[in-house]
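Structure data follow from work-v2.txt (compact mmCIF, N, CA and C atoms):
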# COMPACT_ATOMS: atom_id res chain seq x y z
N MET A 220 14.77 125.68 118.77
CA MET A 220 13.78 125.55 119.83
C MET A 220 12.38 125.69 119.23
N ARG A 221 11.49 124.87 119.71
CA ARG A 221 10.11 124.83 119.22
C ARG A 221 9.33 126.06 119.67
N LYS A 222 8.57 126.61 118.75
CA LYS A 222 7.73 127.78 119.06
C LYS A 222 6.53 127.35 119.90
N THR A 223 6.04 128.28 120.68
CA THR A 223 4.76 128.05 121.34
C THR A 223 3.66 128.21 120.29
N PHE A 224 2.47 127.72 120.60
CA PHE A 224 1.36 127.87 119.67
C PHE A 224 1.08 129.35 119.44
N TYR A 225 1.14 130.14 120.50
CA TYR A 225 0.86 131.58 120.36
C TYR A 225 1.88 132.24 119.43
N GLN A 226 3.15 131.90 119.57
CA GLN A 226 4.16 132.47 118.68
C GLN A 226 3.85 132.13 117.23
N PHE A 227 3.48 130.88 117.00
CA PHE A 227 3.09 130.49 115.64
C PHE A 227 1.87 131.27 115.19
N LEU A 228 0.85 131.33 116.05
CA LEU A 228 -0.40 131.98 115.68
C LEU A 228 -0.17 133.43 115.28
N MET A 229 0.76 134.10 115.92
CA MET A 229 1.03 135.49 115.59
C MET A 229 1.62 135.63 114.19
N THR A 230 2.20 134.56 113.65
CA THR A 230 2.70 134.62 112.27
C THR A 230 1.55 134.54 111.27
N GLN A 231 0.36 134.20 111.75
CA GLN A 231 -0.81 134.06 110.89
C GLN A 231 -1.65 135.33 110.84
N ARG A 232 -1.28 136.34 111.61
CA ARG A 232 -2.05 137.59 111.63
C ARG A 232 -2.03 138.25 110.26
N ASN A 233 -3.14 138.91 109.95
CA ASN A 233 -3.27 139.60 108.67
C ASN A 233 -4.28 140.72 108.86
N PRO A 234 -3.92 141.96 108.56
CA PRO A 234 -4.86 143.07 108.75
C PRO A 234 -6.13 142.92 107.91
N GLU A 235 -6.01 142.20 106.81
CA GLU A 235 -7.18 141.90 105.98
C GLU A 235 -7.26 140.39 105.84
N PRO A 236 -7.81 139.72 106.88
CA PRO A 236 -7.77 138.26 106.91
C PRO A 236 -8.44 137.60 105.70
N ASN A 237 -7.79 136.56 105.20
CA ASN A 237 -8.29 135.80 104.06
C ASN A 237 -9.01 134.53 104.48
N ASP A 238 -8.82 134.12 105.74
CA ASP A 238 -9.48 132.92 106.22
C ASP A 238 -9.73 133.02 107.73
N GLU A 239 -10.39 132.01 108.27
CA GLU A 239 -10.79 132.03 109.68
C GLU A 239 -9.60 131.95 110.63
N VAL A 240 -8.55 131.26 110.22
CA VAL A 240 -7.36 131.15 111.08
C VAL A 240 -6.70 132.52 111.22
N GLU A 241 -6.62 133.26 110.15
CA GLU A 241 -6.04 134.61 110.22
C GLU A 241 -6.88 135.51 111.12
N GLU A 242 -8.19 135.38 111.02
CA GLU A 242 -9.08 136.17 111.90
C GLU A 242 -8.89 135.75 113.36
N PHE A 243 -8.78 134.45 113.61
CA PHE A 243 -8.50 133.93 114.95
C PHE A 243 -7.21 134.53 115.49
N ALA A 244 -6.17 134.54 114.67
CA ALA A 244 -4.89 135.11 115.09
C ALA A 244 -5.03 136.59 115.43
N ASN A 245 -5.76 137.32 114.62
CA ASN A 245 -5.97 138.75 114.89
C ASN A 245 -6.66 138.95 116.24
N GLN A 246 -7.67 138.14 116.52
CA GLN A 246 -8.41 138.27 117.78
C GLN A 246 -7.59 137.80 118.98
N ALA A 247 -6.83 136.72 118.81
CA ALA A 247 -5.99 136.20 119.90
C ALA A 247 -4.94 137.24 120.31
N PHE A 248 -4.49 138.03 119.38
CA PHE A 248 -3.51 139.08 119.68
C PHE A 248 -4.02 140.02 120.77
N PHE A 249 -5.31 140.28 120.78
CA PHE A 249 -5.90 141.21 121.75
C PHE A 249 -6.34 140.52 123.04
N ASP A 250 -6.24 139.20 123.11
CA ASP A 250 -6.62 138.43 124.28
C ASP A 250 -5.45 138.40 125.26
N GLN A 251 -5.50 139.28 126.25
CA GLN A 251 -4.39 139.41 127.19
C GLN A 251 -4.19 138.18 128.06
N SER A 252 -5.19 137.33 128.17
CA SER A 252 -5.09 136.13 129.01
C SER A 252 -4.73 134.88 128.23
N PHE A 253 -4.57 134.99 126.93
CA PHE A 253 -4.26 133.82 126.11
C PHE A 253 -3.02 133.12 126.68
N PRO A 254 -3.05 131.79 126.75
CA PRO A 254 -1.89 131.05 127.30
C PRO A 254 -0.69 131.09 126.34
N LYS A 255 0.06 132.14 126.41
CA LYS A 255 1.12 132.42 125.44
C LYS A 255 2.30 131.45 125.50
N GLN A 256 2.49 130.79 126.63
CA GLN A 256 3.64 129.90 126.78
C GLN A 256 3.30 128.43 126.53
N ASP A 257 2.04 128.12 126.31
CA ASP A 257 1.61 126.73 126.15
C ASP A 257 1.94 126.16 124.79
N ARG A 258 2.25 124.87 124.81
CA ARG A 258 2.45 124.09 123.60
C ARG A 258 1.52 122.88 123.60
N ASP A 259 0.64 122.81 124.59
CA ASP A 259 -0.22 121.65 124.81
C ASP A 259 -1.61 121.87 124.24
N PHE A 260 -2.02 120.99 123.32
CA PHE A 260 -3.31 121.10 122.65
C PHE A 260 -4.45 121.16 123.66
N GLU A 261 -4.45 120.25 124.62
CA GLU A 261 -5.56 120.17 125.58
C GLU A 261 -5.69 121.44 126.42
N GLU A 262 -4.59 121.97 126.87
CA GLU A 262 -4.62 123.18 127.71
C GLU A 262 -5.16 124.38 126.91
N ILE A 263 -4.68 124.54 125.70
CA ILE A 263 -5.12 125.67 124.88
C ILE A 263 -6.58 125.49 124.49
N SER A 264 -6.95 124.28 124.15
CA SER A 264 -8.33 123.98 123.78
C SER A 264 -9.28 124.29 124.93
N LYS A 265 -8.89 123.87 126.13
CA LYS A 265 -9.73 124.13 127.31
C LYS A 265 -9.87 125.63 127.55
N TYR A 266 -8.77 126.34 127.42
CA TYR A 266 -8.82 127.79 127.59
C TYR A 266 -9.80 128.43 126.60
N LEU A 267 -9.68 128.04 125.33
CA LEU A 267 -10.54 128.63 124.30
C LEU A 267 -12.01 128.27 124.49
N GLU A 268 -12.28 127.06 124.94
CA GLU A 268 -13.67 126.68 125.18
C GLU A 268 -14.29 127.53 126.28
N LEU A 269 -13.50 127.91 127.26
CA LEU A 269 -14.01 128.70 128.39
C LEU A 269 -13.92 130.21 128.16
N ASN A 270 -12.95 130.65 127.36
CA ASN A 270 -12.68 132.08 127.26
C ASN A 270 -12.62 132.65 125.84
N GLY A 271 -12.68 131.80 124.85
CA GLY A 271 -12.49 132.27 123.47
C GLY A 271 -13.78 132.66 122.79
N SER A 272 -14.49 133.61 123.36
CA SER A 272 -15.77 134.03 122.78
C SER A 272 -15.60 134.60 121.37
N TYR A 273 -14.39 135.04 121.04
CA TYR A 273 -14.12 135.58 119.71
C TYR A 273 -13.94 134.48 118.66
N LEU A 274 -13.82 133.23 119.11
CA LEU A 274 -13.64 132.11 118.20
C LEU A 274 -15.00 131.54 117.84
N GLN A 275 -15.35 131.60 116.56
CA GLN A 275 -16.68 131.19 116.12
C GLN A 275 -16.97 129.73 116.43
N ASN A 276 -15.98 128.85 116.24
CA ASN A 276 -16.13 127.44 116.59
C ASN A 276 -14.74 126.82 116.75
N MET A 277 -14.70 125.69 117.42
CA MET A 277 -13.42 125.06 117.74
C MET A 277 -12.75 124.42 116.51
N THR A 278 -13.47 124.25 115.43
CA THR A 278 -12.88 123.74 114.20
C THR A 278 -11.79 124.68 113.71
N ILE A 279 -11.98 125.96 113.93
CA ILE A 279 -10.97 126.96 113.52
C ILE A 279 -9.68 126.73 114.30
N PHE A 280 -9.81 126.47 115.61
CA PHE A 280 -8.62 126.16 116.42
C PHE A 280 -7.95 124.89 115.89
N ASP A 281 -8.75 123.87 115.56
CA ASP A 281 -8.19 122.63 115.03
C ASP A 281 -7.39 122.89 113.75
N GLN A 282 -7.92 123.75 112.88
CA GLN A 282 -7.21 124.08 111.64
C GLN A 282 -5.89 124.80 111.96
N ALA A 283 -5.95 125.73 112.90
CA ALA A 283 -4.74 126.46 113.28
C ALA A 283 -3.73 125.52 113.91
N TRP A 284 -4.19 124.60 114.73
CA TRP A 284 -3.29 123.64 115.38
C TRP A 284 -2.61 122.77 114.32
N GLN A 285 -3.35 122.35 113.31
CA GLN A 285 -2.76 121.54 112.24
C GLN A 285 -1.67 122.32 111.52
N ARG A 286 -1.93 123.58 111.24
CA ARG A 286 -0.90 124.43 110.60
C ARG A 286 0.33 124.54 111.51
N TYR A 287 0.08 124.67 112.81
CA TYR A 287 1.18 124.75 113.79
C TYR A 287 2.03 123.49 113.73
N LEU A 288 1.39 122.32 113.75
CA LEU A 288 2.14 121.07 113.69
C LEU A 288 2.93 120.97 112.40
N GLU A 289 2.33 121.36 111.30
CA GLU A 289 3.03 121.31 110.01
C GLU A 289 4.22 122.25 110.00
N SER A 290 4.09 123.41 110.62
CA SER A 290 5.19 124.38 110.66
C SER A 290 6.36 123.86 111.49
N GLU A 291 6.07 123.02 112.46
CA GLU A 291 7.12 122.47 113.32
C GLU A 291 7.89 121.34 112.64
N GLN A 292 7.37 120.82 111.55
CA GLN A 292 8.06 119.74 110.83
C GLN A 292 9.09 120.29 109.85
N ASP A 293 8.99 121.56 109.54
CA ASP A 293 9.92 122.16 108.58
C ASP A 293 11.29 122.34 109.17

Would you write the structure of this file as structure tokens?
Amino acid sequence: MRKTFYQFLMTQRNPEPNDEVEEFANQAFFDQSFPKQDRDFEEISKYLELNGSYLQNMTIFDQAWQRYLESEQD
């Protein structure tokens, strides 16, 4: 069964982040309203644009989404 984006993102958490995606994952963990069941790029993107003040820019989400897609091909 395919993971949700949030499930994938939680695999990117790191207490000492090495990149922006890891920092995004750390911050998303504390976002109680994050759409945890979504697998849809547009829905998650819209949510982050309106509520993701912890995300420095949407390019970070794009990078995380690309990693998510690559992880689903394995």

* **Nearest candidate to Ala244 of chain A (options A:Leu288, A:Met229, A:Lys265, A:Gln275; using only N, CA and C atoms)** => A:Met229

Quick one: residues within 7 Å of Gln231 of chain A, only N, CA and C atoms counted, chain neighbours fewer than 4 positions away excluded, as a compact mmCIF listing (two decimals) with N, CA and C atoms, in the coordinates of the input?
# COMPACT_ATOMS: atom_id res chain seq x y z
N GLN A 226 3.15 131.90 119.57
CA GLN A 226 4.16 132.47 118.68
C GLN A 226 3.85 132.13 117.23
N PHE A 227 3.48 130.88 117.00
CA PHE A 227 3.09 130.49 115.64
C PHE A 227 1.87 131.27 115.19
N VAL A 240 -8.55 131.26 110.22
CA VAL A 240 -7.36 131.15 111.08
C VAL A 240 -6.70 132.52 111.22
N GLU A 241 -6.62 133.26 110.15
CA GLU A 241 -6.04 134.61 110.22
C GLU A 241 -6.88 135.51 111.12
N GLU A 242 -8.19 135.38 111.02
CA GLU A 242 -9.08 136.17 111.90
C GLU A 242 -8.89 135.75 113.36
N ALA A 244 -6.17 134.54 114.67
CA ALA A 244 -4.89 135.11 115.09
C ALA A 244 -5.03 136.59 115.43
N ASN A 245 -5.76 137.32 114.62
CA ASN A 245 -5.97 138.75 114.89
C ASN A 245 -6.66 138.95 116.24

* **Among the residues A:Leu228, A:Arg221, A:Glu235, A:Trp284, the one that comes closest to Phe260 of chain A [using only N, CA and C atoms]** => A:Trp284

* Identify, on the basis of only C-alpha atoms, every residue whose closest approach to Ile279 of chain A does not exceed 7 Å; exclude the query and any residue fewer than 3 positions from it along the same chain; express the result as a PyMOL selection string. => chain A and resi 239-240+276+282-283

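The shortest atom-to-atom distance to Arg258 of chain A, with only C-alpha atoms taken into account, belongs to A:Tyr225 out of A:Tyr225, A:Asn237, A:Tyr273, A:Gln292.
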
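Computed from the coordinates, the atom CA of Ser272 of chain A to atom CA of Gln246 of chain A distance equals 9.9 Å.
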
* Around (-6.1, 125.0, 119.3) in the file's frame, which residues reach within 5 Å when counting all atoms listed in the file? Return as a VMD selection string? -> chain A and resid 264 280 to 281 284

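Picture a line from atom N of Phe249 of chain A to atom C of Asn233 of chain A; it runs 12.0 Å.
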
Give me the box for segment 228-234 of chain A as lines of an AutoDock Vina configuration file, namely the centre and edge lengths in Å to one decimal of a box along x, y and z that holds every listed atom plus 4 Å on each side.
center_x = -1.7
center_y = 137.2
center_z = 112.0
size_x = 16.8
size_y = 19.7
size_z = 16.1

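Of note, atom N of Pro236 of chain A and atom CA of Glu261 of chain A are spaced 27.1 Å apart.
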
* Asked: Where in chain A does DSSP assign alpha helix (DSSP H), given as an MDAnalysis selection string?
  -> chainID A and resid 224:229 239:248 260:270 277:292
